[in-house]
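**Student:** Structure supplied as model.pdb; contents: PDB, C-alpha atoms and all ligand atoms.
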```pdb
MODEL        1
ATOM      1  CA  MET A 518     -92.182   4.903  -0.621
ATOM      2  CA  TYR A 519     -92.624   7.989   1.568
ATOM      3  CA  ARG A 520     -90.398   8.021   4.594
ATOM      4  CA  PRO A 521     -90.757  10.838   7.108
ATOM      5  CA  ASP A 522     -87.678  12.679   8.309
ATOM      6  CA  PRO A 523     -86.310  10.514  11.148
ATOM      7  CA  ILE A 524     -86.516  13.528  13.471
ATOM      8  CA  ASP A 525     -90.296  12.995  13.431
ATOM      9  CA  GLU A 526     -90.064   9.326  14.343
ATOM     10  CA  ALA A 527     -90.449   8.116  17.897
ATOM     11  CA  TYR A 528     -88.148   5.535  19.393
ATOM     12  CA  ILE A 529     -90.168   3.745  22.027
ATOM     13  CA  PHE A 530     -88.549   3.528  25.446
ATOM     14  CA  THR A 531     -90.755   1.275  27.588
ATOM     15  CA  ASN A 532     -88.904   0.197  30.696
ATOM     16  CA  GLY A 533     -85.898   0.702  32.924
ATOM     17  CA  LEU A 534     -83.988   3.755  34.058
ATOM     18  CA  ILE A 535     -81.606   5.887  32.059
ATOM     19  CA  LEU A 536     -78.813   7.118  34.332
ATOM     20  CA  SER A 537     -76.070   9.647  33.745
ATOM     21  CA  SER A 538     -73.772  11.926  35.693
ATOM     22  CA  THR A 539     -71.934  15.047  34.647
ATOM     23  CA  ASP A 540     -69.294  17.392  35.976
ATOM     24  CA  LEU A 541     -70.208  20.963  36.894
ATOM     25  CA  LYS A 542     -70.174  21.983  33.218
ATOM     26  CA  GLY A 543     -72.521  19.256  32.021
ATOM     27  CA  ILE A 544     -69.819  17.027  30.566
ATOM     28  CA  ILE A 545     -70.896  13.383  30.822
ATOM     29  CA  THR A 546     -68.837  11.410  33.340
ATOM     30  CA  TYR A 547     -71.088   8.340  33.646
ATOM     31  CA  ALA A 548     -73.671   6.668  31.405
ATOM     32  CA  ASN A 549     -75.415   3.403  32.207
ATOM     33  CA  ARG A 550     -76.066   0.749  29.588
ATOM     34  CA  LYS A 551     -79.709   1.808  29.230
ATOM     35  CA  PHE A 552     -78.621   5.358  28.351
ATOM     36  CA  CYS A 553     -76.376   4.004  25.595
ATOM     37  CA  THR A 554     -79.094   1.709  24.209
ATOM     38  CA  ILE A 555     -81.866   4.283  24.237
ATOM     39  CA  ALA A 556     -79.737   7.164  22.900
ATOM     40  CA  GLY A 557     -78.106   4.870  20.344
ATOM     41  CA  TYR A 558     -74.489   5.650  21.250
ATOM     42  CA  ASP A 559     -71.576   3.562  22.501
ATOM     43  CA  LYS A 560     -70.466   4.482  25.998
ATOM     44  CA  SER A 561     -67.165   5.751  24.570
ATOM     45  CA  GLU A 562     -69.079   8.235  22.404
ATOM     46  CA  LEU A 563     -70.897   9.681  25.423
ATOM     47  CA  ILE A 564     -68.264   9.919  28.143
ATOM     48  CA  GLY A 565     -66.463  13.263  27.941
ATOM     49  CA  LYS A 566     -69.147  14.864  25.733
ATOM     50  CA  ASN A 567     -71.463  17.700  26.664
ATOM     51  CA  HIS A 568     -74.883  16.365  27.707
ATOM     52  CA  ASN A 569     -76.411  18.492  24.960
ATOM     53  CA  ILE A 570     -75.264  15.747  22.549
ATOM     54  CA  ILE A 571     -78.826  14.376  22.918
ATOM     55  CA  ARG A 572     -80.593  17.752  22.846
ATOM     56  CA  HIS A 573     -83.604  17.752  20.537
ATOM     57  CA  PRO A 574     -84.360  20.938  18.563
ATOM     58  CA  ASP A 575     -87.984  20.813  19.778
ATOM     59  CA  MET A 576     -86.851  21.452  23.360
ATOM     60  CA  PRO A 577     -87.194  25.098  24.418
ATOM     61  CA  LYS A 578     -84.136  26.839  25.845
ATOM     62  CA  ALA A 579     -86.274  27.985  28.771
ATOM     63  CA  ALA A 580     -86.647  24.398  29.976
ATOM     64  CA  PHE A 581     -82.884  23.925  30.244
ATOM     65  CA  LYS A 582     -82.460  27.357  31.810
ATOM     66  CA  GLU A 583     -84.830  26.157  34.538
ATOM     67  CA  VAL A 584     -82.792  22.955  34.919
ATOM     68  CA  TRP A 585     -79.506  24.818  35.304
ATOM     69  CA  ASP A 586     -80.938  27.535  37.571
ATOM     70  CA  SER A 587     -82.262  24.807  39.893
ATOM     71  CA  ILE A 588     -79.285  22.482  40.037
ATOM     72  CA  GLN A 589     -76.698  25.265  40.301
ATOM     73  CA  ALA A 590     -78.678  26.544  43.274
ATOM     74  CA  GLY A 591     -78.385  23.061  44.814
ATOM     75  CA  LYS A 592     -81.994  22.064  44.103
ATOM     76  CA  ASP A 593     -83.398  19.099  42.207
ATOM     77  CA  TRP A 594     -85.309  19.495  38.942
ATOM     78  CA  SER A 595     -87.921  17.150  37.543
ATOM     79  CA  GLY A 596     -89.646  17.396  34.236
ATOM     80  CA  LEU A 597     -90.258  16.106  30.756
ATOM     81  CA  VAL A 598     -87.559  16.059  28.128
ATOM     82  CA  LYS A 599     -87.659  15.143  24.451
ATOM     83  CA  ASN A 600     -84.278  13.730  23.507
ATOM     84  CA  LEU A 601     -82.588  13.064  20.179
ATOM     85  CA  ARG A 602     -81.063   9.682  19.365
ATOM     86  CA  LYS A 603     -77.957   9.301  17.296
ATOM     87  CA  ASP A 604     -80.096   7.971  14.421
ATOM     88  CA  GLY A 605     -82.311  11.079  14.440
ATOM     89  CA  ARG A 606     -85.307   9.517  16.161
ATOM     90  CA  TYR A 607     -86.638  11.013  19.403
ATOM     91  CA  TYR A 608     -87.675   9.624  22.788
ATOM     92  CA  TRP A 609     -89.532  11.264  25.660
ATOM     93  CA  VAL A 610     -88.467  10.838  29.274
ATOM     94  CA  TYR A 611     -89.540  12.000  32.707
ATOM     95  CA  SER A 612     -86.270  13.190  34.174
ATOM     96  CA  HIS A 613     -85.046  13.879  37.686
ATOM     97  CA  ILE A 614     -81.770  15.824  37.886
ATOM     98  CA  SER A 615     -79.933  16.429  41.164
ATOM     99  CA  PRO A 616     -76.747  18.028  42.414
ATOM    100  CA  ILE A 617     -73.999  15.686  43.675
ATOM    101  CA  TYR A 618     -72.183  16.725  46.833
ATOM    102  CA  ASN A 619     -68.851  15.379  48.068
ATOM    103  CA  ASP A 620     -67.935  16.372  51.607
ATOM    104  CA  GLY A 621     -70.408  19.228  51.349
ATOM    105  CA  GLU A 622     -68.956  20.504  48.091
ATOM    106  CA  LEU A 623     -70.960  20.553  44.877
ATOM    107  CA  THR A 624     -68.986  18.408  42.416
ATOM    108  CA  GLY A 625     -71.433  17.533  39.634
ATOM    109  CA  TYR A 626     -74.929  16.457  38.726
ATOM    110  CA  SER A 627     -76.771  13.211  38.150
ATOM    111  CA  ALA A 628     -79.946  12.346  36.300
ATOM    112  CA  ALA A 629     -82.374   9.429  36.309
ATOM    113  CA  ARG A 630     -85.153   9.048  33.750
ATOM    114  CA  ARG A 631     -88.068   6.737  33.178
ATOM    115  CA  PRO A 632     -90.221   6.563  30.068
ATOM    116  CA  ALA A 633     -92.726   9.451  29.903
ATOM    117  CA  THR A 634     -96.386   8.434  29.684
ATOM    118  CA  ASP A 635     -98.561   9.449  26.716
ATOM    119  CA  ASN A 636    -100.563  11.703  29.039
ATOM    120  CA  GLU A 637     -97.456  13.471  30.314
ATOM    121  CA  VAL A 638     -96.289  14.066  26.757
ATOM    122  CA  SER A 639     -99.640  15.383  25.555
ATOM    123  CA  GLU A 640     -99.823  17.774  28.499
ATOM    124  CA  ILE A 641     -96.350  19.211  27.992
ATOM    125  CA  LEU A 642     -96.427  19.443  24.170
ATOM    126  CA  PRO A 643     -98.439  22.708  23.987
ATOM    127  CA  VAL A 644     -96.368  24.232  26.811
ATOM    128  CA  TYR A 645     -93.065  23.560  25.034
ATOM    129  CA  ALA A 646     -94.494  24.553  21.632
ATOM    130  CA  ASP A 647     -95.525  27.884  23.124
ATOM    131  CA  LEU A 648     -92.092  28.484  24.665
ATOM    132  CA  LEU A 649     -90.363  27.515  21.407
ATOM    133  CA  GLU A 650     -92.509  29.909  19.423
ATOM    134  CA  LYS A 651     -91.729  32.757  21.820
ATOM    135  CA  GLU A 652     -88.011  31.939  21.533
ATOM    136  CA  SER A 653     -88.119  32.056  17.743
ATOM    137  CA  ASN A 654     -89.516  35.612  17.724
TER     138      ASN A 654
HETATM  139  C1  LIG B   1     -77.143  15.652  34.873
HETATM  140  C2  LIG B   1     -77.644  16.348  33.648
HETATM  141  C3  LIG B   1     -78.461  15.662  32.762
HETATM  142  C4  LIG B   1     -78.943  16.266  31.607
HETATM  143  N1  LIG B   1     -79.725  15.551  30.775
HETATM  144  C5  LIG B   1     -80.128  16.097  29.600
HETATM  145  C6  LIG B   1     -80.861  15.340  28.674
HETATM  146  O1  LIG B   1     -81.250  14.187  28.905
HETATM  147  N2  LIG B   1     -81.191  15.925  27.501
HETATM  148  C7  LIG B   1     -80.827  17.207  27.189
HETATM  149  O2  LIG B   1     -81.128  17.671  26.086
HETATM  150  N3  LIG B   1     -80.137  17.955  28.082
HETATM  151  C8  LIG B   1     -79.794  17.430  29.262
HETATM  152  N4  LIG B   1     -79.091  18.191  30.158
HETATM  153  C9  LIG B   1     -78.894  19.621  29.865
HETATM  154  C10 LIG B   1     -77.724  19.861  28.960
HETATM  155  O3  LIG B   1     -76.578  19.996  29.789
HETATM  156  C11 LIG B   1     -77.889  21.166  28.136
HETATM  157  O4  LIG B   1     -78.052  22.276  28.986
HETATM  158  C12 LIG B   1     -79.110  21.106  27.189
HETATM  159  O5  LIG B   1     -79.035  19.981  26.356
HETATM  160  C13 LIG B   1     -79.230  22.355  26.309
HETATM  161  O6  LIG B   1     -78.072  22.561  25.585
HETATM  162  P1  LIG B   1     -77.271  23.930  25.711
HETATM  163  O7  LIG B   1     -77.055  24.157  27.182
HETATM  164  O8  LIG B   1     -76.031  23.727  24.932
HETATM  165  O9  LIG B   1     -78.189  24.971  25.117
HETATM  166  C14 LIG B   1     -78.610  17.616  31.323
HETATM  167  C15 LIG B   1     -77.794  18.310  32.219
HETATM  168  C16 LIG B   1     -77.316  17.702  33.367
HETATM  169  C17 LIG B   1     -76.449  18.472  34.305
ENDMDL
END
```
If you convert what's in this file into structure tokens, what do you get?

**Tutor:**
Amino acid sequence: MYRPDPIDEAYIFTNGLILSSTDLKGIITYANRKFCTIAGYDKSELIGKNHNIIRHPDMPKAAFKEVWDSIQAGKDWSGLVKNLRKDGRYYWVYSHISPIYNDGELTGYSAARRPATDNEVSEILPVYADLLEKESN
């Protein structure tokens, strides 16, 4: 029986919020239960790891550059992200990432995501494909 490469298989995320926090370098310091379930990892496998552990190869570098440029400047970033599960399947989220301040000092970042809608995904697909193609040249 033909089975596609798992990287081409969607994992459907339908409800709830995926939450995580990182330090200033993007090392995961907090992951809620939903994050673990949807990404397919145990909490102990996520805490202390770089957040790029769930980076999908279809995501353009330019998207993450925009994320880091925004949050390091103290601004929020919102957008669509295709993430990679531990089992190789992918899931799309609409993500909101913000700086965390403690007594006025930037100490880390936090992110909240909901499932992306089909419309959001179909709108962003050509944009990311275009960026990826430019990055491969
Ligand atoms: C709070 C926070 C949440 C993040 N969430 C994700 C995420 O869900 N998926 C992802 O691929 N990268 C996420 N990133 C960006 C990663 O840190 C990383 O920049 C990205 O995966 C690209 O990997 P690279 O920087 O090693 O090229 C997040 C960063 C921060 C600070």

**Student:** Evaluating the PyMOL selection byres (((chain A and resi 616) around 7) and not hetatm) on the displayed file yields which residues, as a PDB file with C-alpha atoms, in the coordinates of the input?

**Tutor:**
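Result saved to part33.pdb:
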```pdb
ATOM      1  CA  ILE A 588     -79.285  22.482  40.037  1.00  0.00           C
ATOM      2  CA  GLY A 591     -78.385  23.061  44.814  1.00  0.00           C
ATOM      3  CA  LYS A 592     -81.994  22.064  44.103  1.00  0.00           C
ATOM      4  CA  ASP A 593     -83.398  19.099  42.207  1.00  0.00           C
ATOM      5  CA  SER A 615     -79.933  16.429  41.164  1.00  0.00           C
ATOM      6  CA  ILE A 617     -73.999  15.686  43.675  1.00  0.00           C
ATOM      7  CA  TYR A 618     -72.183  16.725  46.833  1.00  0.00           C
ATOM      8  CA  LEU A 623     -70.960  20.553  44.877  1.00  0.00           C
ATOM      9  CA  GLY A 625     -71.433  17.533  39.634  1.00  0.00           C
ATOM     10  CA  TYR A 626     -74.929  16.457  38.726  1.00  0.00           C
ATOM     11  CA  SER A 627     -76.771  13.211  38.150  1.00  0.00           C
TER      12      SER A 627
END
```

**Student:** Draw an axis-aligned box over all listed atoms of ligand LIG 1 (chain B), pad each side with 8 Å, and write its centre and edge lengths in Å, one decimal, as lines of an AutoDock Vina configuration file.

**Tutor:**
```
center_x = -78.6
center_y = 19.6
center_z = 29.9
size_x = 21.2
size_y = 26.8
size_z = 25.9
```

**Student:** Under the PyMOL selection byres (((chain A and resi 553) around 10) and not hetatm), which residues of this model are included? Write them out as a list of chain:residue names.

**Tutor:**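 For this structure, the PyMOL selection byres (((chain A and resi 553) around 10) and not hetatm) captures A:Ile535, A:Leu536, A:Ser537, A:Ala548, A:Asn549, A:Arg550, A:Lys551, A:Phe552, A:Thr554, A:Ile555, A:Ala556, A:Gly557, A:Tyr558, A:Asp559, A:Lys560, A:Ser561, A:Glu562, A:Leu563, A:Arg602, A:Lys603.
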
**Student:** Taking all atoms listed in the file into account, report as a ChimeraX atom specification which residues have an atom no farther than 9 Å from an atom of ligand LIG 1 (chain B).

**Tutor:** /A:535-545,567-574,576-578,580-582,584-585,588,598-601,610,612-616,625-630

**Student:** Decode the PyMOL selection byres (((chain A and resi 524-534) around 6) and not hetatm) for the given file into explicit residues and return them as a VMD selection string.

**Tutor:** chain A and resid 522 to 523 535 605 to 608 630 to 632

**Student:** Find the residues near Leu649 of chain A: any atom within 8 Å, counting only C-alpha atoms, skip ones fewer than 2 places away on the same chain, and give them as a count of residues only.

**Tutor:** 10

**Student:** Hey, can you check how far atom CA of Leu597 of chain A sits from atom CA of Val644 of chain A?

**Tutor:**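 Between atom CA of Leu597 of chain A and atom CA of Val644 of chain A the gap is 10.9 Å.
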
**Student:** Between A:Gln589, A:Glu622, A:Gly596, A:Ala579, which residue has the minimum interatomic distance to Glu640 of chain A, considering all atoms listed in the file?

**Tutor:** A:Gly596

**Student:** I'd like the interatomic distance between atom CA of Ser595 of chain A and atom CA of Tyr611 of chain A, to a tenth of an Å.

**Tutor:**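 Atom-to-atom, atom CA of Ser595 of chain A and atom CA of Tyr611 of chain A are spaced 7.2 Å apart.
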
**Student:** Rounded to one decimal in Å, what is the spacing between atom CA of Asp586 of chain A and atom CA of Ser639 of chain A?

**Tutor:**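 Taking atom CA of Asp586 of chain A as the start and atom CA of Ser639 of chain A as the end point, the length is 25.3 Å.
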